[in-house]
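J.: Structure in structure tokens, see below.
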Amino acid sequence: MAFRIAAQESTLVGDTLEDKFAFAQSVGFDGIELSGQGDGVFGGRVEELRRARDAGVVMPSAVVHMDHFIGDFDDDRRRDAVDQLKVLLSTIVEAGGNGVVTPHAFGLFSRALPPFTPPQSDEKTRDDFLAALSEVADHAASVGAVAYLEPLNRFEDFVVNKVADSAWYVKQIDSPGLAVIADTFHMSIEEADIGASLREHGDLIKHVQLGDSNRLEPGAGHYDWDETLDALEEIGYDGWLAMECGLSGPSADVLPGVARILKRQV
């Protein structure tokens with residue numbers, strides 16, 4: 001089974017998206033995962049993204065890059081994050097893609113670190129998050145997009161850590177505008193059996209992000225890529241595999257080897 005693989009926009013060589021896509025193809029990649037910057041930056045790229053789309057650049061998805069997220073404790077910051085995510089979802093459609101990756105939150109609180117007890121009840125956190133997700137999913141569905149809910153490891157978030165956590169929220173919302181994303185780096189920390197987790201929730205997983213055990217590119221750590229690729233083949237996964245990690249060297253040197261691993265050419 002041949003998976004489609006995307007590289008992070010920031011790791012590709014070139015001054016324009018057209019240049020970056022040509023480079024991506026030259027090193028064995030099929031698309032670009034965009035940086036979904038907030039504060040109007042991503043929305044302000046609409047014309048650039050349309051031109052790239054019309055020129056044949058494949059941009060299936062974007063990742064939220066903001067300093068606050070839709071699970072924020074603060075009502076105003078949570079409201080702003082929801083509004084900004086809605087702009088990102090509308091914009092990725094203009095790029096010819098359909099998905100935007102978002103976590104519950106990043107660095108907001110961790111039960112694995114002091115003070116260990118969150119500043120509000122779990123019930124309020126869950127209810128606020130469900131309300132935000134419902135609004136985001138409704139908007140995504142209305143514009144033909146999908147919000148991918150990303151589990152982060154226990155040191156980066158305290159609500160959605162495992163694929164099963166993401167699946168629970170996705171099932172509660174039950175909307176075509178919301179789906180599960182599996183991230184291999186976070187799974188390497190949180191999942192007892194990565195293959196089993198992928199198989200169990202395969203019907204809800206619509207996007208996969210890649211990072212080895214050391215958060216560098218596939219092949220740079222000790223992650224078992226065969227286990228993950230085998231499981232994805234078994235569930236008939238037909239979405240994208242997108243890099244979200246650092247690189248151990250220059251893109252031109254590193255990315256061809258990644259493509260060979262993911263396309264099982266080694």
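Lettering and numbering for the structure tokens are positional, with chains as A, B, ... in the shown order, residues counted from 1 in each chain, and ligands counted from 1 in the shown order.
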Taking a cut-off of 6 Å and counting only C-alpha atoms, can you build a table that, for each residue of stretch 162-211 of chain A near stretch 223-246 of chain A, reports the nearest atom pair and how far apart they are in Å (one decimal), sorted by chain then residue number, as a tab-separated table?
T.:
```
residue	atom	partner	partner_atom	distance
A:Gly195	CA	A:Ala231	CA	5.4
A:Gly202	CA	A:Ile235	CA	5.7
A:Lys206	CA	A:Gly239	CA	5.7
A:His207	CA	A:Gly239	CA	5.6
A:Val208	CA	A:Leu241	CA	4.9
A:Gln209	CA	A:Ala242	CA	4.7
A:Leu210	CA	A:Met243	CA	4.7
A:Gly211	CA	A:Cys245	CA	5.1
```
J.: Please write the residues from the selection above to a file, keeping N, CA and C atoms, as a PDB file, in the first residue's frame.
T.:
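Once written, selection-v2.pdb looks like this:
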```
ATOM      1  N   GLY A 195       0.118  -0.386  17.736  1.00  0.00           N
ATOM      2  CA  GLY A 195      -0.630  -1.055  16.678  1.00  0.00           C
ATOM      3  C   GLY A 195      -2.060  -1.327  17.074  1.00  0.00           C
ATOM      4  N   GLY A 202      -9.386   2.850  14.179  1.00  0.00           N
ATOM      5  CA  GLY A 202      -9.106   3.108  12.776  1.00  0.00           C
ATOM      6  C   GLY A 202     -10.217   3.797  12.018  1.00  0.00           C
ATOM      7  N   LYS A 206      -8.323  10.019  10.678  1.00  0.00           N
ATOM      8  CA  LYS A 206      -8.343  10.563   9.321  1.00  0.00           C
ATOM      9  C   LYS A 206      -7.056  11.292   8.955  1.00  0.00           C
ATOM     10  N   HIS A 207      -6.107  11.339   9.888  1.00  0.00           N
ATOM     11  CA  HIS A 207      -4.834  12.014   9.615  1.00  0.00           C
ATOM     12  C   HIS A 207      -3.788  11.412  10.545  1.00  0.00           C
ATOM     13  N   VAL A 208      -2.549  11.355  10.086  1.00  0.00           N
ATOM     14  CA  VAL A 208      -1.447  10.831  10.892  1.00  0.00           C
ATOM     15  C   VAL A 208      -0.265  11.785  10.768  1.00  0.00           C
ATOM     16  N   GLN A 209       0.322  12.128  11.918  1.00  0.00           N
ATOM     17  CA  GLN A 209       1.528  12.944  11.909  1.00  0.00           C
ATOM     18  C   GLN A 209       2.707  12.126  12.410  1.00  0.00           C
ATOM     19  N   LEU A 210       3.894  12.507  11.939  1.00  0.00           N
ATOM     20  CA  LEU A 210       5.067  11.669  12.111  1.00  0.00           C
ATOM     21  C   LEU A 210       6.178  12.370  12.868  1.00  0.00           C
ATOM     22  N   GLY A 211       6.736  11.651  13.808  1.00  0.00           N
ATOM     23  CA  GLY A 211       7.945  12.042  14.502  1.00  0.00           C
ATOM     24  C   GLY A 211       8.492  10.791  15.162  1.00  0.00           C
TER      25      GLY A 211
END
```
J.: If you run DSSP over the backbone, which residues in stretch 34-218 of chain A end up strand (DSSP E)? Put them as a PyMOL selection string.
T.: chain A and resi 34-37+61-65+99-103+146-150+178-183+205-210
J.: Keeping only N, CA, C and O atoms, write the selected residues to a file as a short mmCIF file (atom, residue, chain, number, x, y, z; two decimals), in the first residue's frame.
T.:
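This went into again-v2.cif:
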```cif
data_model
loop_
_atom_site.label_atom_id
_atom_site.label_comp_id
_atom_site.auth_asym_id
_atom_site.auth_seq_id
_atom_site.Cartn_x
_atom_site.Cartn_y
_atom_site.Cartn_z
N LEU A 34 0.89 22.77 5.81
CA LEU A 34 1.13 24.20 5.99
C LEU A 34 1.18 24.58 7.46
O LEU A 34 0.63 23.90 8.33
N SER A 35 1.80 25.72 7.72
CA SER A 35 1.82 26.31 9.06
C SER A 35 0.59 27.19 9.23
O SER A 35 0.45 28.21 8.55
N GLY A 36 -0.31 26.79 10.13
CA GLY A 36 -1.54 27.54 10.36
C GLY A 36 -1.36 28.62 11.41
O GLY A 36 -1.83 28.50 12.54
N GLN A 37 -0.65 29.65 11.04
CA GLN A 37 -0.37 30.73 11.99
C GLN A 37 -1.62 31.55 12.27
O GLN A 37 -2.44 31.79 11.38
N SER A 61 -3.31 19.87 4.32
CA SER A 61 -3.60 20.16 5.72
C SER A 61 -2.73 21.28 6.25
O SER A 61 -1.76 21.71 5.63
N ALA A 62 -3.11 21.74 7.44
CA ALA A 62 -2.33 22.75 8.16
C ALA A 62 -2.36 22.41 9.64
O ALA A 62 -3.25 21.69 10.10
N VAL A 63 -1.40 22.94 10.38
CA VAL A 63 -1.31 22.74 11.83
C VAL A 63 -1.47 24.09 12.51
O VAL A 63 -0.81 25.06 12.13
N VAL A 64 -2.32 24.14 13.53
CA VAL A 64 -2.50 25.38 14.28
C VAL A 64 -1.19 25.76 14.95
O VAL A 64 -0.60 24.97 15.70
N HIS A 65 -0.72 26.97 14.68
CA HIS A 65 0.47 27.51 15.35
C HIS A 65 0.07 28.81 16.03
O HIS A 65 0.14 29.89 15.45
N GLY A 99 -8.06 19.76 5.96
CA GLY A 99 -7.89 19.47 7.38
C GLY A 99 -6.98 20.43 8.11
O GLY A 99 -5.97 20.89 7.56
N VAL A 100 -7.33 20.72 9.37
CA VAL A 100 -6.48 21.52 10.24
C VAL A 100 -6.30 20.77 11.55
O VAL A 100 -7.28 20.34 12.17
N VAL A 101 -5.05 20.61 11.97
CA VAL A 101 -4.72 19.87 13.19
C VAL A 101 -4.73 20.81 14.38
O VAL A 101 -4.09 21.87 14.35
N THR A 102 -5.44 20.41 15.45
CA THR A 102 -5.43 21.20 16.68
C THR A 102 -5.41 20.28 17.89
O THR A 102 -6.08 19.25 17.89
N PRO A 103 -4.66 20.63 18.92
CA PRO A 103 -4.79 19.91 20.19
C PRO A 103 -5.87 20.56 21.05
O PRO A 103 -6.43 21.60 20.68
N VAL A 146 -12.25 19.53 7.89
CA VAL A 146 -12.25 18.68 9.07
C VAL A 146 -11.23 19.21 10.06
O VAL A 146 -10.09 19.54 9.68
N ALA A 147 -11.63 19.31 11.32
CA ALA A 147 -10.68 19.61 12.40
C ALA A 147 -10.18 18.28 12.94
O ALA A 147 -10.97 17.41 13.30
N TYR A 148 -8.86 18.12 12.96
CA TYR A 148 -8.25 16.89 13.46
C TYR A 148 -7.83 17.11 14.91
O TYR A 148 -6.96 17.96 15.18
N LEU A 149 -8.42 16.37 15.83
CA LEU A 149 -8.13 16.54 17.26
C LEU A 149 -6.91 15.70 17.63
O LEU A 149 -6.96 14.47 17.63
N GLU A 150 -5.84 16.38 18.01
CA GLU A 150 -4.55 15.72 18.25
C GLU A 150 -4.31 15.42 19.72
O GLU A 150 -4.32 16.33 20.55
N LEU A 178 -15.20 16.74 12.40
CA LEU A 178 -14.23 16.45 13.45
C LEU A 178 -13.76 15.01 13.34
O LEU A 178 -14.58 14.10 13.16
N ALA A 179 -12.45 14.80 13.45
CA ALA A 179 -11.89 13.46 13.34
C ALA A 179 -10.66 13.35 14.22
O ALA A 179 -10.13 14.34 14.74
N VAL A 180 -10.18 12.12 14.36
CA VAL A 180 -9.00 11.82 15.18
C VAL A 180 -7.74 11.90 14.32
O VAL A 180 -7.73 11.45 13.18
N ILE A 181 -6.69 12.46 14.91
CA ILE A 181 -5.37 12.37 14.32
C ILE A 181 -4.50 11.56 15.27
O ILE A 181 -4.59 11.70 16.49
N ALA A 182 -3.67 10.69 14.71
CA ALA A 182 -2.69 9.94 15.48
C ALA A 182 -1.31 10.52 15.21
O ALA A 182 -0.94 10.72 14.05
N ASP A 183 -0.56 10.82 16.27
CA ASP A 183 0.78 11.37 16.14
C ASP A 183 1.77 10.37 16.73
O ASP A 183 1.69 10.03 17.90
N ILE A 205 -9.73 7.62 12.64
CA ILE A 205 -8.45 8.26 12.34
C ILE A 205 -8.43 8.71 10.89
O ILE A 205 -8.51 7.89 9.97
N LYS A 206 -8.32 10.02 10.68
CA LYS A 206 -8.34 10.56 9.32
C LYS A 206 -7.06 11.29 8.95
O LYS A 206 -6.93 11.80 7.83
N HIS A 207 -6.11 11.34 9.89
CA HIS A 207 -4.83 12.01 9.61
C HIS A 207 -3.79 11.41 10.54
O HIS A 207 -4.11 10.99 11.66
N VAL A 208 -2.55 11.36 10.09
CA VAL A 208 -1.45 10.83 10.89
C VAL A 208 -0.27 11.78 10.77
O VAL A 208 0.09 12.22 9.66
N GLN A 209 0.32 12.13 11.92
CA GLN A 209 1.53 12.94 11.91
C GLN A 209 2.71 12.13 12.41
O GLN A 209 2.55 11.20 13.21
N LEU A 210 3.89 12.51 11.94
CA LEU A 210 5.07 11.67 12.11
C LEU A 210 6.18 12.37 12.87
O LEU A 210 6.52 13.52 12.58
#
```
J.: Nearest to A:Gly177: which of A:Leu89, A:Leu152, A:Ala196, A:Leu216 is it, counting only C-alpha atoms?
T.: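 When distances to A:Gly177 are compared using only C-alpha atoms, the smallest one comes from A:Leu89.
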J.: Pick from A:Ile92, A:Leu108, A:Leu85, A:Leu255: nearest to A:Arg154, with only C-alpha atoms counted?
T.: A:Leu108
J.: Could you pull out the alpha helix (DSSP H) residues of stretch 10-228 of chain A from DSSP and send them as JSON, numbers by chain?
T.: {"A": [17, 18, 19, 20, 21, 22, 23, 24, 25, 26, 46, 47, 48, 49, 50, 51, 52, 53, 54, 75, 76, 77, 78, 79, 80, 81, 82, 83, 84, 85, 86, 87, 88, 89, 90, 91, 92, 93, 94, 122, 123, 124, 125, 126, 127, 128, 129, 130, 131, 132, 133, 134, 135, 136, 137, 138, 139, 140, 141, 142, 143, 163, 164, 165, 166, 167, 168, 169, 170, 171, 172, 173, 184, 185, 186, 187, 188, 189, 190, 194, 195, 196, 197, 198, 199, 200, 225, 226, 227, 228]}
J.: Would you work out the distance separating atom CA of A:Ala95 from atom CA of A:Val258, expressed in Å to one decimal?
T.: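 Separation between atom CA of A:Ala95 and atom CA of A:Val258: 25.1 Å.
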J.: Check the smallest atom-to-atom distance from each of A:Asp127, A:Ala167, A:Ala24, A:Leu113 to A:Glu200 using only C-alpha atoms, then report the winner.
T.: A:Ala167
J.: List as a Markdown table every residue of stretch 19-82 of chain A that is in contact with stretch 128-135 of chain A, defined as an atom at most 9 Å from one of its atoms (using only C-alpha atoms), together with the nearest atom pair and the distance in Å rounded to one decimal, sorted by chain and then rising number.
T.:
```
| residue | atom | partner | partner_atom | distance |
| --- | --- | --- | --- | --- |
| A:Ile70 | CA | A:Ala132 | CA | 6.3 |
| A:Gly71 | CA | A:Phe129 | CA | 5.4 |
| A:Asp72 | CA | A:Phe129 | CA | 8.5 |
| A:Phe73 | CA | A:Asp128 | CA | 8.5 |
| A:Asp75 | CA | A:Asp128 | CA | 8.9 |
| A:Arg78 | CA | A:Ala132 | CA | 7.9 |
| A:Arg79 | CA | A:Ala132 | CA | 8.1 |
| A:Val82 | CA | A:Ala132 | CA | 6.6 |
```
J.: Generate the output file for the selected residues, N, CA, C and O atoms, as a tab-separated table (two decimals), in the first residue's frame.
T.:
```tsv
chain	number	residue	atom	x	y	z
A	70	ILE	N	-8.16	25.97	21.79
A	70	ILE	CA	-9.60	25.93	22.05
A	70	ILE	C	-9.98	25.31	23.38
A	70	ILE	O	-11.15	25.31	23.75
A	71	GLY	N	-9.00	24.82	24.14
A	71	GLY	CA	-9.27	24.31	25.48
A	71	GLY	C	-8.76	25.23	26.58
A	71	GLY	O	-8.66	24.81	27.74
A	72	ASP	N	-8.44	26.46	26.25
A	72	ASP	CA	-7.87	27.38	27.24
A	72	ASP	C	-8.81	27.58	28.42
A	72	ASP	O	-10.04	27.57	28.27
A	73	PHE	N	-8.23	27.75	29.61
A	73	PHE	CA	-9.05	28.01	30.80
A	73	PHE	C	-9.77	29.35	30.70
A	73	PHE	O	-10.91	29.51	31.18
A	75	ASP	N	-11.90	32.28	29.28
A	75	ASP	CA	-13.01	32.33	28.32
A	75	ASP	C	-12.67	33.15	27.08
A	75	ASP	O	-13.02	32.75	25.95
A	78	ARG	N	-10.11	31.32	24.93
A	78	ARG	CA	-10.75	30.17	24.28
A	78	ARG	C	-11.63	30.65	23.13
A	78	ARG	O	-11.63	30.06	22.04
A	79	ARG	N	-12.38	31.72	23.35
A	79	ARG	CA	-13.22	32.27	22.30
A	79	ARG	C	-12.39	32.70	21.09
A	79	ARG	O	-12.75	32.43	19.93
A	82	VAL	N	-11.11	29.63	19.13
A	82	VAL	CA	-12.17	29.04	18.30
A	82	VAL	C	-12.36	29.87	17.04
A	82	VAL	O	-12.43	29.33	15.93
```
J.: Excluding A:Glu190 and residues on its chain fewer than 3 positions from it, collect all residues at most 12 Å away from it, counting only C-alpha atoms, and give them as a PyMOL selection string.
T.: chain A and resi 151-158+160-165+182-187+193-194+197+213
J.: Suppose we keep N, CA and C atoms; can you now write the selection as a compact mmCIF listing (two decimals), in the first residue's frame?
T.:
```txt
# COMPACT_ATOMS: atom_id res chain seq x y z
N PRO A 151 -4.04 14.17 20.07
CA PRO A 151 -3.59 13.86 21.42
C PRO A 151 -2.12 14.28 21.59
N LEU A 152 -1.84 14.93 22.70
CA LEU A 152 -0.47 15.28 23.06
C LEU A 152 -0.05 14.50 24.30
N ASN A 153 1.24 14.32 24.47
CA ASN A 153 1.70 13.54 25.63
C ASN A 153 1.42 14.27 26.94
N ARG A 154 1.52 13.54 28.03
CA ARG A 154 1.11 14.00 29.37
C ARG A 154 1.85 15.24 29.85
N PHE A 155 3.03 15.53 29.27
CA PHE A 155 3.79 16.70 29.68
C PHE A 155 3.37 17.96 28.93
N GLU A 156 2.56 17.80 27.89
CA GLU A 156 2.13 18.93 27.07
C GLU A 156 0.65 19.24 27.20
N ASP A 157 -0.14 18.26 27.66
CA ASP A 157 -1.58 18.48 27.85
C ASP A 157 -2.07 17.53 28.94
N PHE A 158 -3.27 17.81 29.45
CA PHE A 158 -3.80 16.98 30.53
C PHE A 158 -5.19 16.43 30.23
N VAL A 160 -6.36 15.42 26.47
CA VAL A 160 -6.34 14.50 25.34
C VAL A 160 -4.92 14.01 25.15
N ASN A 161 -4.60 12.86 25.75
CA ASN A 161 -3.25 12.31 25.70
C ASN A 161 -3.12 11.08 24.80
N LYS A 162 -4.17 10.31 24.70
CA LYS A 162 -4.14 9.07 23.91
C LYS A 162 -5.12 9.15 22.75
N VAL A 163 -4.92 8.26 21.79
CA VAL A 163 -5.86 8.19 20.67
C VAL A 163 -7.27 7.93 21.19
N ALA A 164 -7.40 7.12 22.23
CA ALA A 164 -8.72 6.84 22.80
C ALA A 164 -9.37 8.09 23.36
N ASP A 165 -8.58 9.01 23.91
CA ASP A 165 -9.13 10.27 24.43
C ASP A 165 -9.70 11.11 23.29
N ALA A 182 -3.67 10.69 14.71
CA ALA A 182 -2.69 9.94 15.48
C ALA A 182 -1.31 10.52 15.21
N ASP A 183 -0.56 10.82 16.27
CA ASP A 183 0.78 11.37 16.14
C ASP A 183 1.77 10.37 16.73
N THR A 184 2.71 9.92 15.91
CA THR A 184 3.57 8.82 16.34
C THR A 184 4.47 9.20 17.51
N PHE A 185 4.96 10.43 17.57
CA PHE A 185 5.80 10.82 18.69
C PHE A 185 5.04 10.73 20.00
N HIS A 186 3.84 11.30 20.03
CA HIS A 186 3.04 11.26 21.26
C HIS A 186 2.61 9.84 21.60
N MET A 187 2.29 9.04 20.57
CA MET A 187 1.93 7.65 20.81
C MET A 187 3.10 6.88 21.42
N ASP A 193 0.30 -0.11 23.44
CA ASP A 193 0.38 -0.94 22.23
C ASP A 193 -0.09 -0.07 21.06
N ILE A 194 0.87 0.48 20.34
CA ILE A 194 0.55 1.44 19.28
C ILE A 194 -0.28 0.80 18.18
N SER A 197 -3.86 0.27 19.29
CA SER A 197 -4.61 1.53 19.38
C SER A 197 -5.05 2.00 18.01
N SER A 213 10.95 8.65 18.00
CA SER A 213 10.95 8.66 19.46
C SER A 213 11.66 9.87 20.04
```
J.: Could you work out how far atom CA of A:Asp30 lies from atom CA of A:Ile5, giving the answer in Å with one decimal?
T.: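 That distance, rounded to one decimal, is 5.5 Å.
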